[in-house]
Structures are given as structure tokens and as C-alpha cells.
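What follows is the content of upload.cif (mmCIF, N, CA and C atoms).
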```cif
data_start
loop_
_atom_site.label_atom_id
_atom_site.label_comp_id
_atom_site.auth_asym_id
_atom_site.auth_seq_id
_atom_site.Cartn_x
_atom_site.Cartn_y
_atom_site.Cartn_z
N MET A 1 6.44 11.64 -11.64
CA MET A 1 6.61 12.11 -10.28
C MET A 1 7.79 11.36 -9.67
N ILE A 2 8.72 12.09 -9.13
CA ILE A 2 9.87 11.50 -8.46
C ILE A 2 9.57 11.46 -6.97
N PHE A 3 9.82 10.31 -6.36
CA PHE A 3 9.51 10.15 -4.95
C PHE A 3 10.72 10.50 -4.10
N PRO A 4 10.47 11.22 -3.01
CA PRO A 4 11.57 11.57 -2.11
C PRO A 4 12.04 10.36 -1.32
N GLU A 5 13.24 10.47 -0.81
CA GLU A 5 13.80 9.38 -0.03
C GLU A 5 13.50 9.50 1.45
N SER A 6 13.09 10.67 1.91
CA SER A 6 12.84 10.84 3.34
C SER A 6 11.43 10.41 3.72
N ARG A 7 11.28 10.02 4.96
CA ARG A 7 9.98 9.63 5.49
C ARG A 7 8.99 10.78 5.38
N ASP A 8 9.40 11.96 5.82
CA ASP A 8 8.50 13.11 5.78
C ASP A 8 8.14 13.48 4.34
N GLY A 9 9.11 13.40 3.45
CA GLY A 9 8.85 13.72 2.05
C GLY A 9 7.81 12.79 1.45
N MET A 10 7.93 11.51 1.76
CA MET A 10 6.96 10.55 1.24
C MET A 10 5.58 10.79 1.86
N ARG A 11 5.55 11.05 3.14
CA ARG A 11 4.27 11.33 3.79
C ARG A 11 3.62 12.58 3.23
N ARG A 12 4.44 13.56 2.90
CA ARG A 12 3.90 14.81 2.34
C ARG A 12 3.20 14.58 1.00
N ILE A 13 3.66 13.61 0.23
CA ILE A 13 3.00 13.29 -1.03
C ILE A 13 1.57 12.82 -0.77
N PHE A 14 1.39 11.97 0.22
CA PHE A 14 0.04 11.52 0.58
C PHE A 14 -0.80 12.69 1.09
N LEU A 15 -0.21 13.48 1.97
CA LEU A 15 -0.94 14.62 2.55
C LEU A 15 -1.33 15.62 1.48
N SER A 16 -0.45 15.90 0.56
CA SER A 16 -0.72 16.86 -0.51
C SER A 16 -1.83 16.35 -1.43
N ALA A 17 -1.76 15.09 -1.81
CA ALA A 17 -2.79 14.52 -2.69
C ALA A 17 -4.15 14.58 -2.00
N TRP A 18 -4.20 14.25 -0.72
CA TRP A 18 -5.46 14.27 0.02
C TRP A 18 -5.99 15.70 0.15
N GLU A 19 -5.09 16.63 0.41
CA GLU A 19 -5.50 18.04 0.54
C GLU A 19 -6.06 18.55 -0.80
N LYS A 20 -5.39 18.24 -1.91
CA LYS A 20 -5.88 18.66 -3.22
C LYS A 20 -7.24 18.04 -3.52
N TYR A 21 -7.40 16.79 -3.18
CA TYR A 21 -8.68 16.10 -3.40
C TYR A 21 -9.80 16.78 -2.61
N ARG A 22 -9.52 17.06 -1.35
CA ARG A 22 -10.54 17.68 -0.50
C ARG A 22 -10.86 19.10 -0.96
N ALA A 23 -9.91 19.79 -1.55
CA ALA A 23 -10.13 21.14 -2.07
C ALA A 23 -10.68 21.12 -3.49
N GLU A 24 -10.93 19.91 -4.00
CA GLU A 24 -11.48 19.72 -5.35
C GLU A 24 -10.59 20.33 -6.43
N LYS A 25 -9.28 20.24 -6.21
CA LYS A 25 -8.32 20.69 -7.21
C LYS A 25 -7.97 19.53 -8.13
N PRO A 26 -7.52 19.82 -9.34
CA PRO A 26 -7.15 18.74 -10.27
C PRO A 26 -5.97 17.92 -9.71
N LEU A 27 -6.03 16.62 -9.95
CA LEU A 27 -5.00 15.71 -9.46
C LEU A 27 -4.17 15.16 -10.62
N GLU A 28 -2.87 15.01 -10.39
CA GLU A 28 -2.02 14.32 -11.34
C GLU A 28 -2.32 12.82 -11.24
N ASP A 29 -1.83 12.05 -12.21
CA ASP A 29 -2.12 10.61 -12.23
C ASP A 29 -1.75 9.91 -10.92
N MET A 30 -0.54 10.14 -10.44
CA MET A 30 -0.11 9.47 -9.21
C MET A 30 -0.93 9.95 -8.02
N GLU A 31 -1.27 11.21 -7.98
CA GLU A 31 -2.11 11.72 -6.89
C GLU A 31 -3.48 11.03 -6.92
N ARG A 32 -4.01 10.81 -8.11
CA ARG A 32 -5.30 10.11 -8.24
C ARG A 32 -5.17 8.69 -7.68
N ARG A 33 -4.08 8.02 -7.98
CA ARG A 33 -3.86 6.66 -7.46
C ARG A 33 -3.78 6.67 -5.93
N ILE A 34 -3.09 7.66 -5.40
CA ILE A 34 -2.97 7.78 -3.95
C ILE A 34 -4.34 8.03 -3.33
N VAL A 35 -5.09 8.95 -3.89
CA VAL A 35 -6.42 9.27 -3.36
C VAL A 35 -7.34 8.06 -3.45
N ASP A 36 -7.26 7.30 -4.53
CA ASP A 36 -8.09 6.09 -4.65
C ASP A 36 -7.84 5.14 -3.48
N VAL A 37 -6.59 5.00 -3.09
CA VAL A 37 -6.26 4.13 -1.95
C VAL A 37 -6.72 4.77 -0.64
N ILE A 38 -6.52 6.06 -0.49
CA ILE A 38 -6.96 6.74 0.74
C ILE A 38 -8.46 6.59 0.91
N LEU A 39 -9.21 6.70 -0.17
CA LEU A 39 -10.67 6.60 -0.08
C LEU A 39 -11.11 5.22 0.41
N LEU A 40 -10.31 4.21 0.17
CA LEU A 40 -10.62 2.86 0.66
C LEU A 40 -10.33 2.71 2.16
N HIS A 41 -9.70 3.71 2.75
CA HIS A 41 -9.27 3.63 4.15
C HIS A 41 -9.76 4.83 4.95
N PRO A 42 -11.06 4.88 5.23
CA PRO A 42 -11.59 6.01 5.99
C PRO A 42 -10.97 6.14 7.39
N GLU A 43 -10.43 5.06 7.90
CA GLU A 43 -9.80 5.11 9.22
C GLU A 43 -8.56 6.00 9.23
N TYR A 44 -8.03 6.35 8.06
CA TYR A 44 -6.85 7.21 7.97
C TYR A 44 -7.21 8.67 7.66
N HIS A 45 -8.43 8.96 7.34
CA HIS A 45 -8.81 10.31 6.93
C HIS A 45 -8.51 11.36 8.00
N GLN A 46 -8.81 11.04 9.24
CA GLN A 46 -8.56 11.99 10.33
C GLN A 46 -7.06 12.27 10.46
N LEU A 47 -6.25 11.25 10.38
CA LEU A 47 -4.80 11.42 10.45
C LEU A 47 -4.31 12.34 9.33
N LEU A 48 -4.80 12.11 8.12
CA LEU A 48 -4.35 12.88 6.97
C LEU A 48 -4.81 14.33 7.02
N ALA A 49 -5.80 14.61 7.82
CA ALA A 49 -6.30 15.99 7.97
C ALA A 49 -5.44 16.81 8.92
N HIS A 50 -4.50 16.17 9.61
CA HIS A 50 -3.65 16.86 10.59
C HIS A 50 -2.18 16.62 10.24
N GLU A 51 -1.64 17.49 9.42
CA GLU A 51 -0.30 17.31 8.89
C GLU A 51 0.76 17.15 9.98
N ASP A 52 0.73 17.99 10.99
CA ASP A 52 1.76 17.92 12.03
C ASP A 52 1.79 16.55 12.69
N HIS A 53 0.63 16.04 13.02
CA HIS A 53 0.55 14.72 13.66
C HIS A 53 0.99 13.62 12.69
N ALA A 54 0.55 13.72 11.44
CA ALA A 54 0.90 12.72 10.45
C ALA A 54 2.41 12.66 10.21
N LEU A 55 3.05 13.82 10.24
CA LEU A 55 4.50 13.85 9.99
C LEU A 55 5.31 13.42 11.21
N SER A 56 4.81 13.68 12.40
CA SER A 56 5.62 13.41 13.59
C SER A 56 5.42 12.02 14.17
N ARG A 57 4.35 11.36 13.82
CA ARG A 57 4.03 10.07 14.44
C ARG A 57 4.96 8.97 13.97
N ASP A 58 5.47 8.20 14.92
CA ASP A 58 6.27 7.02 14.61
C ASP A 58 5.38 5.79 14.76
N TYR A 59 5.64 4.80 13.95
CA TYR A 59 4.90 3.55 14.01
C TYR A 59 5.92 2.43 14.13
N SER A 60 5.82 1.67 15.19
CA SER A 60 6.74 0.55 15.36
C SER A 60 5.93 -0.70 15.68
N PRO A 61 6.46 -1.85 15.33
CA PRO A 61 5.74 -3.09 15.62
C PRO A 61 5.42 -3.26 17.11
N GLU A 62 6.28 -2.71 17.95
CA GLU A 62 6.06 -2.84 19.40
C GLU A 62 4.79 -2.12 19.85
N GLN A 63 4.38 -1.10 19.11
CA GLN A 63 3.18 -0.35 19.46
C GLN A 63 1.91 -1.11 19.09
N GLY A 64 2.04 -2.09 18.21
CA GLY A 64 0.88 -2.84 17.77
C GLY A 64 -0.02 -2.06 16.83
N ILE A 65 0.50 -1.00 16.25
CA ILE A 65 -0.26 -0.16 15.32
C ILE A 65 0.45 -0.20 13.97
N SER A 66 -0.30 -0.48 12.93
CA SER A 66 0.35 -0.51 11.62
C SER A 66 0.57 0.92 11.12
N ASN A 67 1.57 1.06 10.30
CA ASN A 67 1.92 2.35 9.72
C ASN A 67 0.98 2.62 8.53
N PRO A 68 0.10 3.61 8.65
CA PRO A 68 -0.85 3.84 7.56
C PRO A 68 -0.18 4.22 6.24
N PHE A 69 0.94 4.91 6.30
CA PHE A 69 1.63 5.31 5.07
C PHE A 69 2.26 4.09 4.39
N LEU A 70 2.82 3.21 5.19
CA LEU A 70 3.36 1.97 4.63
C LEU A 70 2.22 1.14 4.04
N HIS A 71 1.13 1.02 4.78
CA HIS A 71 0.00 0.23 4.32
C HIS A 71 -0.52 0.75 2.97
N MET A 72 -0.74 2.05 2.90
CA MET A 72 -1.26 2.62 1.65
C MET A 72 -0.22 2.52 0.53
N GLY A 73 1.05 2.70 0.88
CA GLY A 73 2.12 2.56 -0.11
C GLY A 73 2.19 1.15 -0.69
N LEU A 74 1.95 0.15 0.16
CA LEU A 74 1.94 -1.23 -0.33
C LEU A 74 0.75 -1.47 -1.26
N HIS A 75 -0.39 -0.86 -0.95
CA HIS A 75 -1.53 -0.96 -1.87
C HIS A 75 -1.14 -0.42 -3.25
N ILE A 76 -0.49 0.73 -3.25
CA ILE A 76 -0.09 1.34 -4.52
C ILE A 76 0.92 0.45 -5.24
N ALA A 77 1.85 -0.13 -4.49
CA ALA A 77 2.84 -1.02 -5.09
C ALA A 77 2.17 -2.24 -5.72
N VAL A 78 1.20 -2.83 -5.03
CA VAL A 78 0.48 -3.98 -5.58
C VAL A 78 -0.23 -3.59 -6.87
N ARG A 79 -0.88 -2.43 -6.86
CA ARG A 79 -1.58 -1.97 -8.06
C ARG A 79 -0.62 -1.74 -9.22
N GLU A 80 0.56 -1.22 -8.92
CA GLU A 80 1.57 -1.02 -9.97
C GLU A 80 2.06 -2.37 -10.49
N GLN A 81 2.25 -3.33 -9.60
CA GLN A 81 2.66 -4.66 -10.04
C GLN A 81 1.61 -5.28 -10.96
N LEU A 82 0.35 -5.11 -10.59
CA LEU A 82 -0.72 -5.66 -11.43
C LEU A 82 -0.77 -4.96 -12.79
N ALA A 83 -0.58 -3.64 -12.79
CA ALA A 83 -0.62 -2.88 -14.05
C ALA A 83 0.51 -3.27 -14.98
N THR A 84 1.67 -3.56 -14.41
CA THR A 84 2.84 -3.90 -15.23
C THR A 84 3.04 -5.41 -15.37
N ARG A 85 2.21 -6.18 -14.65
CA ARG A 85 2.31 -7.64 -14.64
C ARG A 85 3.71 -8.11 -14.23
N ARG A 86 4.27 -7.41 -13.25
CA ARG A 86 5.57 -7.75 -12.68
C ARG A 86 5.44 -7.88 -11.19
N PRO A 87 5.87 -8.93 -10.60
CA PRO A 87 6.54 -10.06 -11.23
C PRO A 87 5.58 -10.91 -12.07
N SER A 88 6.15 -11.62 -12.99
CA SER A 88 5.35 -12.49 -13.86
C SER A 88 4.56 -13.48 -12.99
N GLY A 89 3.27 -13.55 -13.22
CA GLY A 89 2.42 -14.46 -12.46
C GLY A 89 1.54 -13.77 -11.44
N ILE A 90 1.83 -12.52 -11.13
CA ILE A 90 1.04 -11.85 -10.10
C ILE A 90 -0.42 -11.68 -10.53
N ALA A 91 -0.64 -11.40 -11.81
CA ALA A 91 -2.01 -11.19 -12.28
C ALA A 91 -2.86 -12.45 -12.11
N SER A 92 -2.28 -13.60 -12.39
CA SER A 92 -3.05 -14.85 -12.24
C SER A 92 -3.34 -15.14 -10.77
N HIS A 93 -2.43 -14.82 -9.87
CA HIS A 93 -2.69 -14.99 -8.44
C HIS A 93 -3.80 -14.03 -7.99
N TYR A 94 -3.74 -12.81 -8.49
CA TYR A 94 -4.77 -11.83 -8.16
C TYR A 94 -6.14 -12.33 -8.63
N GLN A 95 -6.22 -12.78 -9.87
CA GLN A 95 -7.49 -13.25 -10.41
C GLN A 95 -8.03 -14.45 -9.64
N ALA A 96 -7.14 -15.37 -9.28
CA ALA A 96 -7.57 -16.55 -8.52
C ALA A 96 -8.14 -16.14 -7.16
N LEU A 97 -7.47 -15.22 -6.50
CA LEU A 97 -7.97 -14.74 -5.21
C LEU A 97 -9.27 -13.96 -5.36
N LEU A 98 -9.36 -13.18 -6.41
CA LEU A 98 -10.57 -12.39 -6.64
C LEU A 98 -11.78 -13.31 -6.87
N LEU A 99 -11.58 -14.39 -7.59
CA LEU A 99 -12.67 -15.35 -7.79
C LEU A 99 -13.14 -15.96 -6.47
N LYS A 100 -12.20 -16.18 -5.56
CA LYS A 100 -12.54 -16.80 -4.28
C LYS A 100 -13.10 -15.80 -3.28
N LEU A 101 -12.50 -14.63 -3.19
CA LEU A 101 -12.87 -13.66 -2.16
C LEU A 101 -13.93 -12.65 -2.64
N ARG A 102 -13.96 -12.40 -3.93
CA ARG A 102 -14.94 -11.47 -4.53
C ARG A 102 -14.90 -10.06 -3.94
N ASP A 103 -13.74 -9.64 -3.51
CA ASP A 103 -13.57 -8.30 -2.94
C ASP A 103 -12.15 -7.84 -3.27
N ALA A 104 -12.04 -6.92 -4.24
CA ALA A 104 -10.73 -6.49 -4.72
C ALA A 104 -9.87 -5.89 -3.61
N HIS A 105 -10.49 -5.14 -2.70
CA HIS A 105 -9.72 -4.54 -1.61
C HIS A 105 -9.15 -5.63 -0.69
N GLU A 106 -9.96 -6.62 -0.38
CA GLU A 106 -9.47 -7.73 0.47
C GLU A 106 -8.37 -8.51 -0.25
N VAL A 107 -8.50 -8.69 -1.55
CA VAL A 107 -7.46 -9.38 -2.32
C VAL A 107 -6.15 -8.60 -2.22
N GLU A 108 -6.23 -7.28 -2.37
CA GLU A 108 -5.02 -6.47 -2.24
C GLU A 108 -4.41 -6.64 -0.85
N HIS A 109 -5.25 -6.69 0.19
CA HIS A 109 -4.72 -6.88 1.54
C HIS A 109 -3.97 -8.20 1.65
N ARG A 110 -4.50 -9.25 1.08
CA ARG A 110 -3.82 -10.55 1.13
C ARG A 110 -2.50 -10.49 0.39
N ILE A 111 -2.49 -9.85 -0.77
CA ILE A 111 -1.26 -9.75 -1.55
C ILE A 111 -0.24 -8.89 -0.83
N LEU A 112 -0.68 -7.78 -0.25
CA LEU A 112 0.31 -6.91 0.39
C LEU A 112 0.90 -7.52 1.65
N GLU A 113 0.22 -8.51 2.24
CA GLU A 113 0.85 -9.26 3.34
C GLU A 113 2.10 -9.97 2.83
N CYS A 114 1.98 -10.60 1.67
CA CYS A 114 3.13 -11.30 1.08
C CYS A 114 4.21 -10.31 0.65
N LEU A 115 3.78 -9.20 0.06
CA LEU A 115 4.73 -8.18 -0.38
C LEU A 115 5.49 -7.61 0.81
N GLY A 116 4.77 -7.29 1.86
CA GLY A 116 5.40 -6.75 3.07
C GLY A 116 6.40 -7.73 3.67
N GLU A 117 6.02 -9.00 3.69
CA GLU A 117 6.92 -10.04 4.22
C GLU A 117 8.19 -10.12 3.37
N MET A 118 8.03 -10.10 2.05
CA MET A 118 9.19 -10.19 1.16
C MET A 118 10.11 -8.99 1.37
N LEU A 119 9.54 -7.80 1.47
CA LEU A 119 10.36 -6.60 1.66
C LEU A 119 11.04 -6.59 3.02
N TRP A 120 10.33 -7.05 4.05
CA TRP A 120 10.91 -7.12 5.39
C TRP A 120 12.11 -8.07 5.40
N ARG A 121 11.93 -9.25 4.77
CA ARG A 121 13.04 -10.22 4.72
C ARG A 121 14.24 -9.66 3.94
N ALA A 122 13.97 -8.98 2.84
CA ALA A 122 15.07 -8.40 2.06
C ALA A 122 15.82 -7.37 2.88
N GLN A 123 15.08 -6.55 3.60
CA GLN A 123 15.72 -5.53 4.43
C GLN A 123 16.51 -6.18 5.56
N ARG A 124 15.89 -7.15 6.22
CA ARG A 124 16.56 -7.84 7.33
C ARG A 124 17.85 -8.52 6.87
N ASP A 125 17.79 -9.15 5.70
CA ASP A 125 18.93 -9.92 5.20
C ASP A 125 19.87 -9.09 4.32
N THR A 126 19.57 -7.80 4.17
CA THR A 126 20.29 -6.93 3.25
C THR A 126 20.52 -7.63 1.90
N ALA A 127 19.40 -8.08 1.33
CA ALA A 127 19.43 -8.81 0.07
C ALA A 127 18.34 -8.27 -0.85
N ALA A 128 18.42 -8.66 -2.09
CA ALA A 128 17.37 -8.28 -3.05
C ALA A 128 16.07 -9.00 -2.68
N PRO A 129 14.95 -8.38 -2.96
CA PRO A 129 13.66 -9.05 -2.72
C PRO A 129 13.58 -10.36 -3.50
N ASP A 130 13.04 -11.37 -2.86
CA ASP A 130 12.95 -12.72 -3.43
C ASP A 130 11.59 -12.90 -4.10
N GLU A 131 11.55 -12.68 -5.42
CA GLU A 131 10.29 -12.80 -6.14
C GLU A 131 9.71 -14.20 -6.08
N ALA A 132 10.58 -15.20 -6.11
CA ALA A 132 10.09 -16.59 -6.06
C ALA A 132 9.37 -16.85 -4.74
N ALA A 133 9.93 -16.37 -3.64
CA ALA A 133 9.29 -16.54 -2.33
C ALA A 133 7.98 -15.76 -2.28
N TYR A 134 7.96 -14.59 -2.88
CA TYR A 134 6.75 -13.76 -2.94
C TYR A 134 5.64 -14.50 -3.68
N LEU A 135 5.96 -15.04 -4.85
CA LEU A 135 4.96 -15.77 -5.63
C LEU A 135 4.53 -17.04 -4.93
N GLU A 136 5.43 -17.67 -4.21
CA GLU A 136 5.07 -18.87 -3.44
C GLU A 136 4.10 -18.51 -2.31
N CYS A 137 4.34 -17.40 -1.66
CA CYS A 137 3.43 -16.91 -0.63
C CYS A 137 2.04 -16.68 -1.23
N LEU A 138 2.00 -16.06 -2.40
CA LEU A 138 0.72 -15.80 -3.07
C LEU A 138 0.03 -17.11 -3.44
N ARG A 139 0.81 -18.08 -3.90
CA ARG A 139 0.23 -19.38 -4.25
C ARG A 139 -0.41 -20.04 -3.03
N LYS A 140 0.30 -19.97 -1.89
CA LYS A 140 -0.22 -20.57 -0.67
C LYS A 140 -1.52 -19.88 -0.24
N ILE A 141 -1.56 -18.57 -0.35
CA ILE A 141 -2.77 -17.85 0.01
C ILE A 141 -3.92 -18.23 -0.92
N SER A 142 -3.62 -18.33 -2.21
CA SER A 142 -4.66 -18.72 -3.18
C SER A 142 -5.17 -20.12 -2.89
N ASP A 143 -4.26 -21.03 -2.57
CA ASP A 143 -4.65 -22.42 -2.30
C ASP A 143 -5.44 -22.56 -1.02
N SER A 144 -5.19 -21.68 -0.05
CA SER A 144 -5.86 -21.81 1.26
C SER A 144 -7.27 -21.24 1.25
N HIS A 145 -7.65 -20.56 0.20
CA HIS A 145 -8.99 -19.97 0.15
C HIS A 145 -9.86 -20.66 -0.85
#
```
As C-alpha cells:
Amino acid sequence: MIFPESRDGMRRIFLSAWEKYRAEKPLEDMERRIVDVILLHPEYHQLLAHEDHALSRDYSPEQGISNPFLHMGLHIAVREQLATRRPSGIASHYQALLLKLRDAHEVEHRILECLGEMLWRAQRDTAAPDEAAYLECLRKISDSH
């Protein structure tokens, strides 16, 4: 599956996967991954049921509302990192947090905080994402729990 570069195109992938799931149609592998994350977030189900609203809504930090598409996308990114064991060391951080928190969804939330921070800094600084800083963030989270 090739991902579109536009905001609406990316959102449509989530909306389409959710619509197919609700209609009990067969899902492709990536659609299944998307639906698995959506199912963990019932607070987004209503939004995903209304395509026009989902496509038109803007989310900015000033509003104090997190972007559900970004949030779910980060979950998927974390799962892909774990599946590919990239960056090196992420799986051990995940396992350490899982032993402490005993809740895979909460562990993903902790990891995606670090991932989001790394991506935000890279975008702000117009630089490549800093894997070392990302892993250090994960280490600090693991040590604090």
C-alpha cells in the first residue's frame, strides 16, 4: 500500500479501513493494522463515522485537542518499529516497559510520546530524526517506571 502525501488522502485511508471493517468486508494487511489501532480508541469511532467532519477538522496545539489521525498513525509507526526492530534497541525498551506497566496499549502511548517528540524536533530543526535522542527518551521512561 502506497501512502498519499496529502492530509486528506491519509485520513481517507483510516476512514476507508474503518468503513470496510464496519461493513464486514475483507481487509488488506495494512487496513487490518489500522483497524486494530482504531478499535483501541473508541473515542475516535464517532469521528470516523462522519467523513466530512473527519476530513475538514483541523487540530492545532492551541486548541488543546490531539489529532486523532496523528495519534493513531504514531501507534502504527511504533508497531512497525517493533516488527522490524528498528531502531535497534526499541524492542528491549518495549519489553522493559511492558514488564513494568503490564498494558501493551499504555506502553505504546509512552513510546509514541518519545516518537512524537523526536519527529517534532526534526521538523522544527529541518533535520533528520535523532534516533539516539529517541532511544534516550525511551530509556528515561523505562527507568522512571
Counting only N, CA and C atoms, find the residues whose atoms lie at most 8 Å from (-4.9, 12.3, -2.3) (file coordinates) and write them out as a PyMOL selection string.
-> chain A and resi 13-22+27+30-39
Between A:Ser142, A:Asn67, A:Leu55, A:Ala49, which one has atoms that come closest to Arg7 (chain A), using all atoms listed in the file?
-> A:Leu55
Hits from the PyMOL selection byres ((chain A and resi 127-140) around 8), listed as a list in words |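 Checking the PyMOL selection byres ((chain A and resi 127-140) around 8) against this file, the residues are Pro87, Ser88, Gly89, Ile90, His93, Tyr94, Arg110, Ile111, Glu113, Cys114, Leu115, Glu117, Met118, Leu119, Trp120, Arg121, Ala122, Gln123, Arg124, Asp125, Thr126, Ile141, Ser142, Asp143, Ser144 and His145 of chain A.
Among the candidate residues A:Tyr44, A:Ala96, A:His105, A:Gly116, the one lying nearest to Pro68 (chain A) is A:Tyr44, with distances computed using all atoms listed in the file.
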Give me the result of the PyMOL selection byres ((chain A and resi 74-81) around 7) on this file, residue by residue, as JSON, numbers by chain.
-> {"A": [33, 37, 69, 70, 71, 72, 73, 82, 83, 84, 85, 86, 87, 90, 91, 108, 111, 112]}
Would you mind reading off the distance between CA of Arg11 (chain A) and CA of Glu106 (chain A), one decimal, in Å?
-> 23.7 Å
One decimal place gives the atom C of Val107 (chain A)-atom C of Gln95 (chain A) separation as 9.6 Å
DSSP-assigned helix (DSSP H, G or I) among region 7-143 of chain A, expressed as a PyMOL selection string | chain A and resi 7-22+29-39+42-48+51-56+61-63+68-84+90-101+104-125+131-143
In Å to one decimal, how far is CA of Leu48 (chain A) from atom C of Ala23 (chain A)?
->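 Separation between atom C of Ala23 (chain A) and CA of Leu48 (chain A): 14.7 Å.
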Best match for closeness to Glu43 (chain A) among A:Ser66, A:Arg57, A:Ser92, A:Met10, counting only C-alpha atoms =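 For Glu43 (chain A), the nearest of the given residues is A:Ser66.
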Write out N, CA, C and O atoms for region 54-73 of chain A, as a CSV table (one decimal), in the frame of the given file.
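To be explicit, this is the file written out as part.csv:
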```csv
chain,number,residue,atom,x,y,z
A,54,ALA,N,0.6,13.7,11.4
A,54,ALA,CA,0.9,12.7,10.4
A,54,ALA,C,2.4,12.7,10.2
A,54,ALA,O,3.0,11.6,10.0
A,55,LEU,N,3.0,13.8,10.2
A,55,LEU,CA,4.5,13.8,10.0
A,55,LEU,C,5.3,13.4,11.2
A,55,LEU,O,6.4,12.9,11.1
A,56,SER,N,4.8,13.7,12.4
A,56,SER,CA,5.6,13.4,13.6
A,56,SER,C,5.4,12.0,14.2
A,56,SER,O,6.3,11.5,14.9
A,57,ARG,N,4.4,11.4,13.8
A,57,ARG,CA,4.0,10.1,14.4
A,57,ARG,C,5.0,9.0,14.0
A,57,ARG,O,5.2,8.8,12.8
A,58,ASP,N,5.5,8.2,14.9
A,58,ASP,CA,6.3,7.0,14.6
A,58,ASP,C,5.4,5.8,14.8
A,58,ASP,O,4.5,5.8,15.6
A,59,TYR,N,5.6,4.8,14.0
A,59,TYR,CA,4.9,3.6,14.0
A,59,TYR,C,5.9,2.4,14.1
A,59,TYR,O,6.8,2.3,13.3
A,60,SER,N,5.8,1.7,15.2
A,60,SER,CA,6.7,0.6,15.4
A,60,SER,C,5.9,-0.7,15.7
A,60,SER,O,4.8,-0.6,16.2
A,61,PRO,N,6.5,-1.8,15.3
A,61,PRO,CA,5.7,-3.1,15.6
A,61,PRO,C,5.4,-3.3,17.1
A,61,PRO,O,4.4,-3.8,17.5
A,62,GLU,N,6.3,-2.7,18.0
A,62,GLU,CA,6.1,-2.8,19.4
A,62,GLU,C,4.8,-2.1,19.8
A,62,GLU,O,4.2,-2.5,20.9
A,63,GLN,N,4.4,-1.1,19.1
A,63,GLN,CA,3.2,-0.4,19.5
A,63,GLN,C,1.9,-1.1,19.1
A,63,GLN,O,0.8,-0.8,19.6
A,64,GLY,N,2.0,-2.1,18.2
A,64,GLY,CA,0.9,-2.8,17.8
A,64,GLY,C,0.0,-2.1,16.8
A,64,GLY,O,-1.2,-2.4,16.6
A,65,ILE,N,0.5,-1.0,16.2
A,65,ILE,CA,-0.3,-0.2,15.3
A,65,ILE,C,0.4,-0.2,14.0
A,65,ILE,O,1.7,0.0,13.9
A,66,SER,N,-0.3,-0.5,12.9
A,66,SER,CA,0.4,-0.5,11.6
A,66,SER,C,0.6,0.9,11.1
A,66,SER,O,-0.2,1.8,11.5
A,67,ASN,N,1.6,1.1,10.3
A,67,ASN,CA,1.9,2.4,9.7
A,67,ASN,C,1.0,2.6,8.5
A,67,ASN,O,1.0,1.9,7.5
A,68,PRO,N,0.1,3.6,8.6
A,68,PRO,CA,-0.8,3.8,7.6
A,68,PRO,C,-0.2,4.2,6.2
A,68,PRO,O,-0.7,3.9,5.2
A,69,PHE,N,0.9,4.9,6.3
A,69,PHE,CA,1.6,5.3,5.1
A,69,PHE,C,2.3,4.1,4.4
A,69,PHE,O,2.2,4.0,3.2
A,70,LEU,N,2.8,3.2,5.2
A,70,LEU,CA,3.4,2.0,4.6
A,70,LEU,C,2.2,1.1,4.0
A,70,LEU,O,2.3,0.6,2.9
A,71,HIS,N,1.1,1.0,4.8
A,71,HIS,CA,0.0,0.2,4.3
A,71,HIS,C,-0.5,0.8,3.0
A,71,HIS,O,-0.7,0.0,2.0
A,72,MET,N,-0.7,2.0,2.9
A,72,MET,CA,-1.3,2.6,1.6
A,72,MET,C,-0.2,2.5,0.5
A,72,MET,O,-0.6,2.3,-0.6
A,73,GLY,N,1.0,2.7,0.9
A,73,GLY,CA,2.1,2.6,-0.1
A,73,GLY,C,2.2,1.2,-0.7
A,73,GLY,O,2.4,1.0,-1.9
```
